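Here the structure comes first, spelled out in structure tokens, and everything after it is commentary.
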Amino acid sequence: MPFSVLKPALYRETTRYRPAPRKGISMNNPVLRSIPSVSELLESPPLRRLVDRVSHNVVVGGVRTFLDNLRRDVQSAAAEMKMPAVGELAEKIADWIVHEERPTLRPVINATGIILHTGLGRAPLAADAVQAVAEVASGYATLEVDPTTGERSQRTLGVARLLTELTRAESATVVNNNAAATLLTLTAVAAGREVIVSRGQLIEIGGSYRLPDVMTASGARLREVGTTNKTRLSDYEAAINSETAAILRVHTSNFRVVGFTEEVPIDELVRLGRRRQLPVIDDVGSGALISLAAYGIHDEPVVSESVRCGADLVLFSGDKLLGGPQCGVIVGSQSMVQKITSHPMMRAMRVDKCTLAALAATLRLYRDPQSLERCVPIFQLLATPMANLKNRVERLAPQIALCPAIASADPVETTSFLGGGAVPAQEIGTWGIALAPKAGSVADLSNRLRTCEPAIFSRVQKDRVLLDLRTVFPAQDIALVQAIETLGDKLQPAATPPAKTETKES
Ligand SMILES: *Cc1c(COP(=O)(O)O)cnc(C)c1O
């Protein structure tokens, strides 16, 4: 039945929409005439009840839109179309409005195993950070005033103190994200002049972030040196001229050049920069404040290491391995950070009180590294022992196997990914549940899991839908099973177009 409005996501699993055959109504016009009026529908109990939950205006608007779509469908529909009774139609409309009124941004279960999934919001915040946001969000706060003097102060002062303490840098500031940090830094330091970058480090991080384009936008000129696989100190040295403003090193977060390769370490770049009086900027990407070797992550540069080597500016994201809110952090020498914060573009990239509160609360947890695994979600996920994951998988798999949409559910030992623009080669062990669907393809099942409440994001691996428990919080285990239980055993037409689950950047 070409009743598109009657089969949004909600109806896929229901068989409730079975309009009783009504004799005599077989032509298009009579069907149109049989559509109840807005006021008749609003009097109907399902919609009267809904007015108490969402506003009257939303319900009236929803009824009108639904009926408009219905009329359009009726006009293009086959002659045998039947109109449901008022009560039934009102119930469909009520369900549809509830479905439409859900926020587009809502919580999901991340069973992809990608710890820093950009599409799913990267790092979940620590409870302390959430509380700090709640405390400043609903009222006024000391954002730019010093309460002891009453004088105007800088909004990033508090986090800057924590950042310099934790990274040992002289000075620090915070902007909207690392892309902003890079753009602002290049603009303030090198607009109209040249910045030297190794050809092996001209990265793209997810479609919209390409270093050469950011460089162009900043007004600085890219001076590429070396080759894709090998760049030597002499290459940098030969490129320095009167137009050179800085040397930039970029962490090749999401790819590796392996084999016959050579990169110049940051300390050697710093020595060259000092000798030629050029600032050295280090974009370390994911902003690990401590070594993550204990979790099997070996290739992520530690911020304080870069500072110790003498980089004049170190740039990184707040919502990757730091485990905080989306922001871009710039740490470095007093004079260079000052140059950046006094640039007019700084104002256009500044962060709000919520970001600052969340970042400061997250950074405070780093003062006691023992507490990180307990308090910061990404560390909690990274630190979950294999035995714990295996236990949960063995407990949940038999329950999921009983769900009507599932033909089989088997525990499997596999690998999780760091994501967030980090290299996919990092080996993080995990346990997952491999699902085979009762009907349709694995891609269909993975699409249908996203229509659950809450939505479940999985990954397709080896002809199975994999639920990777590394990124599922234990408190979500029950909700995971209950959501899968709601899926029927038949493949119904999907209301949402099948989309790719995996993000390119992740
Ligand atoms: C992730 C990343 C960026 C972009 O950071 P955002 O915070 O997403 O803007 C820039 N450079 C490197 C090296 C990265 O890894």
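Letters A, B, ... mark the chains of the structure tokens in the order given; residue numbers begin at 1 per chain; ligand numbers begin at 1, in order shown.
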Which residues of chain A come within 7 Å of ligand 1, and for each one, what is the closest pair of atoms and their distance in Å to one decimal, counting only C-alpha atoms and all ligand atoms, sorted by chain and residue number, as a tab-separated table?
```
residue	atom	partner	partner_atom_place_in_ligand_line	distance
A:Asn177	CA	ligand 1	7 (O)	4.1
A:Asn178	CA	ligand 1	7 (O)	3.7
A:Ala179	CA	ligand 1	9 (O)	3.7
A:Ala180	CA	ligand 1	9 (O)	6.4
A:Ile205	CA	ligand 1	2 (C)	6.1
A:Tyr209	CA	ligand 1	4 (C)	6.8
A:Val250	CA	ligand 1	13 (C)	5.5
A:His251	CA	ligand 1	13 (C)	4.7
A:Thr252	CA	ligand 1	13 (C)	6.0
A:Ser253	CA	ligand 1	15 (O)	4.7
A:Asp283	CA	ligand 1	13 (C)	5.4
A:Val284	CA	ligand 1	13 (C)	5.4
A:Gly285	CA	ligand 1	15 (O)	3.4
A:Ser286	CA	ligand 1	15 (O)	5.2
A:Phe316	CA	ligand 1	5 (O)	6.8
A:Ser317	CA	ligand 1	7 (O)	4.2
A:Gly318	CA	ligand 1	7 (O)	6.8
A:Asp319	CA	ligand 1	7 (O)	6.9
A:Gln326	CA	ligand 1	7 (O)	6.6
A:Cys327	CA	ligand 1	7 (O)	6.1
A:Gly328	CA	ligand 1	7 (O)	5.7
A:Gly420	CA	ligand 1	1 (C)	6.3
A:Gly421	CA	ligand 1	1 (C)	5.3
A:Ala422	CA	ligand 1	15 (O)	6.7
```
Take the selection from the previous step and output its residues with C-alpha atoms, as an mmCIF file, in the first residue's frame.
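Writing done, so here's again.cif:
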```
data_model
loop_
_atom_site.group_PDB
_atom_site.id
_atom_site.type_symbol
_atom_site.label_atom_id
_atom_site.label_comp_id
_atom_site.auth_asym_id
_atom_site.auth_seq_id
_atom_site.Cartn_x
_atom_site.Cartn_y
_atom_site.Cartn_z
ATOM 1 C CA ASN A 177 38.152 22.729 18.342
ATOM 2 C CA ASN A 178 41.560 21.727 17.061
ATOM 3 C CA ALA A 179 40.652 22.858 13.546
ATOM 4 C CA ALA A 180 40.042 26.329 14.994
ATOM 5 C CA ILE A 205 40.902 14.197 9.021
ATOM 6 C CA TYR A 209 39.480 18.968 7.452
ATOM 7 C CA VAL A 250 51.399 17.397 12.228
ATOM 8 C CA HIS A 251 50.726 14.059 13.869
ATOM 9 C CA THR A 252 49.566 11.702 11.114
ATOM 10 C CA SER A 253 46.661 10.646 13.305
ATOM 11 C CA ASP A 283 49.707 19.670 16.023
ATOM 12 C CA VAL A 284 49.586 16.505 18.132
ATOM 13 C CA GLY A 285 45.944 15.810 17.325
ATOM 14 C CA SER A 286 44.343 13.679 19.970
ATOM 15 C CA PHE A 316 45.236 19.355 20.295
ATOM 16 C CA SER A 317 41.551 18.444 20.618
ATOM 17 C CA GLY A 318 39.704 18.368 23.942
ATOM 18 C CA ASP A 319 37.279 15.594 23.012
ATOM 19 C CA GLN A 326 34.744 19.518 22.165
ATOM 20 C CA CYS A 327 37.391 22.220 22.113
ATOM 21 C CA GLY A 328 40.841 22.970 20.786
ATOM 22 C CA GLY A 420 38.565 10.022 16.551
ATOM 23 C CA GLY A 421 40.992 10.278 13.700
ATOM 24 C CA ALA A 422 43.379 7.835 15.343
#
```
| So which bits of stretch 284-439 of chain A end up alpha helix (DSSP H) when you DSSP the backbone, as a PyMOL selection string? | chain A and resi 303-308+334-341+353-365+372-375+377-383+386-401
| Residues at most 6 Å from A:Glu170, counting only C-alpha atoms, excluding those fewer than 5 positions away in the same chain, as a list in words? |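 Counting only the stated atoms, we get Gly332, Ser333 and Gln334 of chain A.
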| query | By how many Å are atom CA of A:Leu272 and atom CA of A:Glu237 apart? | reply | 7.5 Å
| message | Taking 3 positions as the minimum chain separation for residues in the same chain, which residues sit within 9 Å of stretch 242-249 of chain A when counting only C-alpha atoms? Answer as a PyMOL selection string. | response | chain A and resi 186+189-198+201+220+223+236+239+264+266+269-270+273+278-284
| query | Could you state the separation of atom CA of A:Gln399 and atom CA of A:Thr486 in Å, given to one decimal place? | reply |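 A separation of 12.9 Å between them.
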| message | Just to confirm, what's the straight-line distance from atom CA of A:Glu151 to atom CA of A:Glu165 in Å (one decimal)? | response |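 A separation of 24.5 Å between them.
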